[in-house]
Structures are given as structure tokens and as C-alpha cells.
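**Student:** Below you'll find the structure I mean.
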Amino acid sequence: MGDWKNGTFGCFGNCTLCLITCFVPCMVVGKTAEAVDKSCVMCCIASVIPIVNIITFIGIRGDVRDKSNVDGSCIMDLLCFLVCPICTVVQTAAEVGVFS
């Protein structure tokens with residue numbers, strides 16, 4: 001098992017991805033979901049519904065961790081998302097190469 005390609009607060013490593021995530025986070029969540037074989041549209045829609053967005057993203061992040069062999073847990077994913085959701089979405093999307 002390994003670490004994330006970008007640190008949690010390394011969201012400026014890919015400025016394009018960071019800007020897109022700031023203005024249209026649902027699109028980035030959808031594209032990240034698509035990278036782990038989930039429905040882009042359904043996850044994009046779920047990402048704008050309070051509470052459902054957290055559950056959906058934690059599931060996507062878990063799938064990305066599994067696919068990329070990254071250490072972590074659902075609790076750590078939840079804590080990262082609650083502390084800085086934009087940074088966490090950027091970190092997860094960067095791991096699977098969204099907009100790179």
C-alpha cells in the first residue's frame with residue numbers, strides 16, 4: 001500500500017483541476033466516479049444533495065484508494081472531506097488522472 005500522489009493540501013499542484021473543482025465540483029466528482037466505473041451523471045447529481053454528497057464521495061474515494069492501492073480508511077476519508085472538501089476532491093481526482 002502507498003500514499004496519495006498529492007498531499008491533502010497539495011491541491012494547487014494541478015491548478016486547472018483546482019479551479020474547475022472550485023467552480024464546478026459536481027463535474028469533478030462525476031469524472032472521478034467515472035474513472036472507477038461508477039455513473040458519472042448519478043454521482044454528479046448526488047454530489048449536490050446535502051448529506052448524500054458526503055456518502056457518495058466517501059464511496060468514490062474508497063474505490064479510488066482500492067484502485068490505486070493507497071492506505072486509508074472511511075473514517076480518514078470522512079475527516080479529510082469535512083476539513084477541506086475541495087482539497088479532498090482535488091486529491092482524489094488527481095489520483096486517477098482527471099483533467100491531467
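Residues are named by chain letter and number: chains run A, B, ... in the order of the C-alpha cells, numbers start at 1 in each chain, and ligands are numbered from 1 in the order shown.
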Compile the contact shell of Val28 in chain A as a CSV table (one decimal) with N, CA and C atoms, in the first residue's frame: residues with an atom at most 10 Å away, counting only C-alpha atoms, same-chain residues fewer than 4 positions apart removed.
**Tutor:**
chain,number,residue,atom,x,y,z
A,17,LEU,N,-7.2,21.7,-12.5
A,17,LEU,CA,-8.1,20.8,-11.7
A,17,LEU,C,-8.6,21.6,-10.5
A,18,CYS,N,-7.8,22.3,-9.8
A,18,CYS,CA,-8.2,23.1,-8.6
A,18,CYS,C,-9.3,24.1,-9.0
A,20,ILE,N,-11.3,24.2,-11.6
A,20,ILE,CA,-12.5,23.5,-12.1
A,20,ILE,C,-13.3,23.0,-10.8
A,21,THR,N,-12.6,22.4,-9.9
A,21,THR,CA,-13.2,21.9,-8.7
A,21,THR,C,-13.8,23.0,-7.9
A,22,CYS,N,-13.2,24.2,-7.8
A,22,CYS,CA,-13.7,25.3,-7.1
A,22,CYS,C,-15.0,25.8,-7.6
A,23,PHE,N,-15.1,25.8,-9.0
A,23,PHE,CA,-16.3,26.4,-9.6
A,23,PHE,C,-17.4,25.4,-10.0
A,24,VAL,N,-17.0,24.1,-10.3
A,24,VAL,CA,-17.9,23.1,-10.7
A,24,VAL,C,-17.5,21.7,-10.1
A,32,THR,N,-14.4,11.7,-11.6
A,32,THR,CA,-13.7,10.8,-10.7
A,32,THR,C,-14.4,9.5,-10.6
A,33,ALA,N,-15.7,9.6,-10.4
A,33,ALA,CA,-16.6,8.4,-10.3
A,33,ALA,C,-16.5,7.5,-11.6
A,34,GLU,N,-16.5,8.2,-12.7
A,34,GLU,CA,-16.4,7.5,-14.0
A,34,GLU,C,-15.0,6.7,-14.1
A,40,CYS,N,-21.1,8.6,-13.9
A,40,CYS,CA,-20.7,10.0,-13.9
A,40,CYS,C,-21.9,10.9,-13.6
A,43,CYS,N,-23.5,10.2,-9.9
A,43,CYS,CA,-22.6,10.8,-8.9
A,43,CYS,C,-22.5,12.3,-8.9
A,44,CYS,N,-22.6,12.9,-10.1
A,44,CYS,CA,-22.6,14.3,-10.3
A,44,CYS,C,-23.9,14.9,-9.6
A,47,SER,N,-23.8,14.6,-5.8
A,47,SER,CA,-22.8,15.5,-5.2
A,47,SER,C,-23.4,16.9,-4.8
A,89,VAL,N,-11.4,16.5,-2.8
A,89,VAL,CA,-11.9,16.2,-4.2
A,89,VAL,C,-10.8,16.3,-5.2
A,90,VAL,N,-10.0,17.4,-5.1
A,90,VAL,CA,-8.8,17.5,-6.0
A,90,VAL,C,-7.9,16.4,-5.8
A,92,THR,N,-8.3,13.4,-4.8
A,92,THR,CA,-8.9,12.1,-5.2
A,92,THR,C,-8.9,12.1,-6.8
A,93,ALA,N,-9.3,13.2,-7.4
A,93,ALA,CA,-9.4,13.3,-8.8
A,93,ALA,C,-8.0,13.2,-9.5
A,94,ALA,N,-7.0,13.8,-8.8
A,94,ALA,CA,-5.7,13.8,-9.3
A,94,ALA,C,-5.1,12.4,-9.3
A,98,VAL,N,-7.9,12.7,-13.5
A,98,VAL,CA,-9.0,13.6,-14.0
A,98,VAL,C,-8.4,14.9,-14.4
A,99,PHE,N,-8.6,15.4,-15.6
A,99,PHE,CA,-8.2,16.6,-16.2
A,99,PHE,C,-6.7,16.8,-16.1
**Student:** Could you list, as a PyMOL selection string, every residue within 9 Å of Phe9 in chain A, counting only C-alpha atoms and ignoring same-chain residues fewer than 2 positions away?
**Tutor:** chain A and resi 6-7+11-12+84+87-88+91
**Student:** Find the distance between CA of Lys31 in chain A and CA of Met1 in chain A and write it in Å to one decimal.
**Tutor:**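 Distance between the two atoms: 24.1 Å.
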**Student:** Return the single residue from A:Ser73, A:Asn53, A:Ser68, A:Ser100 that is closest to Val29 in chain A, with distances computed using only C-alpha atoms.
**Tutor:** A:Asn53
**Student:** Can you pull out the residues contacting Asp63 in chain A? Cut-off 12 Å, using only C-alpha atoms, and skip same-chain residues under 3 positions away; I want them as a list in words.
**Tutor:** Thr32, Ala33, Glu34, Ala35, Val36, Asp37, Lys38, Thr56, Phe57, Ile58, Gly59, Ile60, Asp66, Lys67, Ser68, Asn69, Val70, Asp71, Gly72, Ser73, Cys74, Asp77, Thr92, Ala93, Glu95 and Val96 of chain A
**Student:** Give the answer as one residue: which of A:Met27, A:Asn14, A:Arg61, A:Met42 has the shortest atom-to-atom distance to Gly97 in chain A, using only C-alpha atoms?
**Tutor:**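 For Gly97 in chain A, the nearest of the candidates is A:Asn14.
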**Student:** Taking into account only C-alpha atoms, which residue in the set A:Val64, A:Leu78, A:Ala46, A:Ile51 is nearest to Pro25 in chain A?
**Tutor:**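 The closest residue to Pro25 in chain A is A:Ala46.
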**Student:** Determine which residues of chain A receive a DSSP assignment of alpha helix (DSSP H), computed from the backbone, and state them as number ranges by chain.
**Tutor:** A: 15-23, 25-35, 40-46, 52-68, 74-83, 85-95
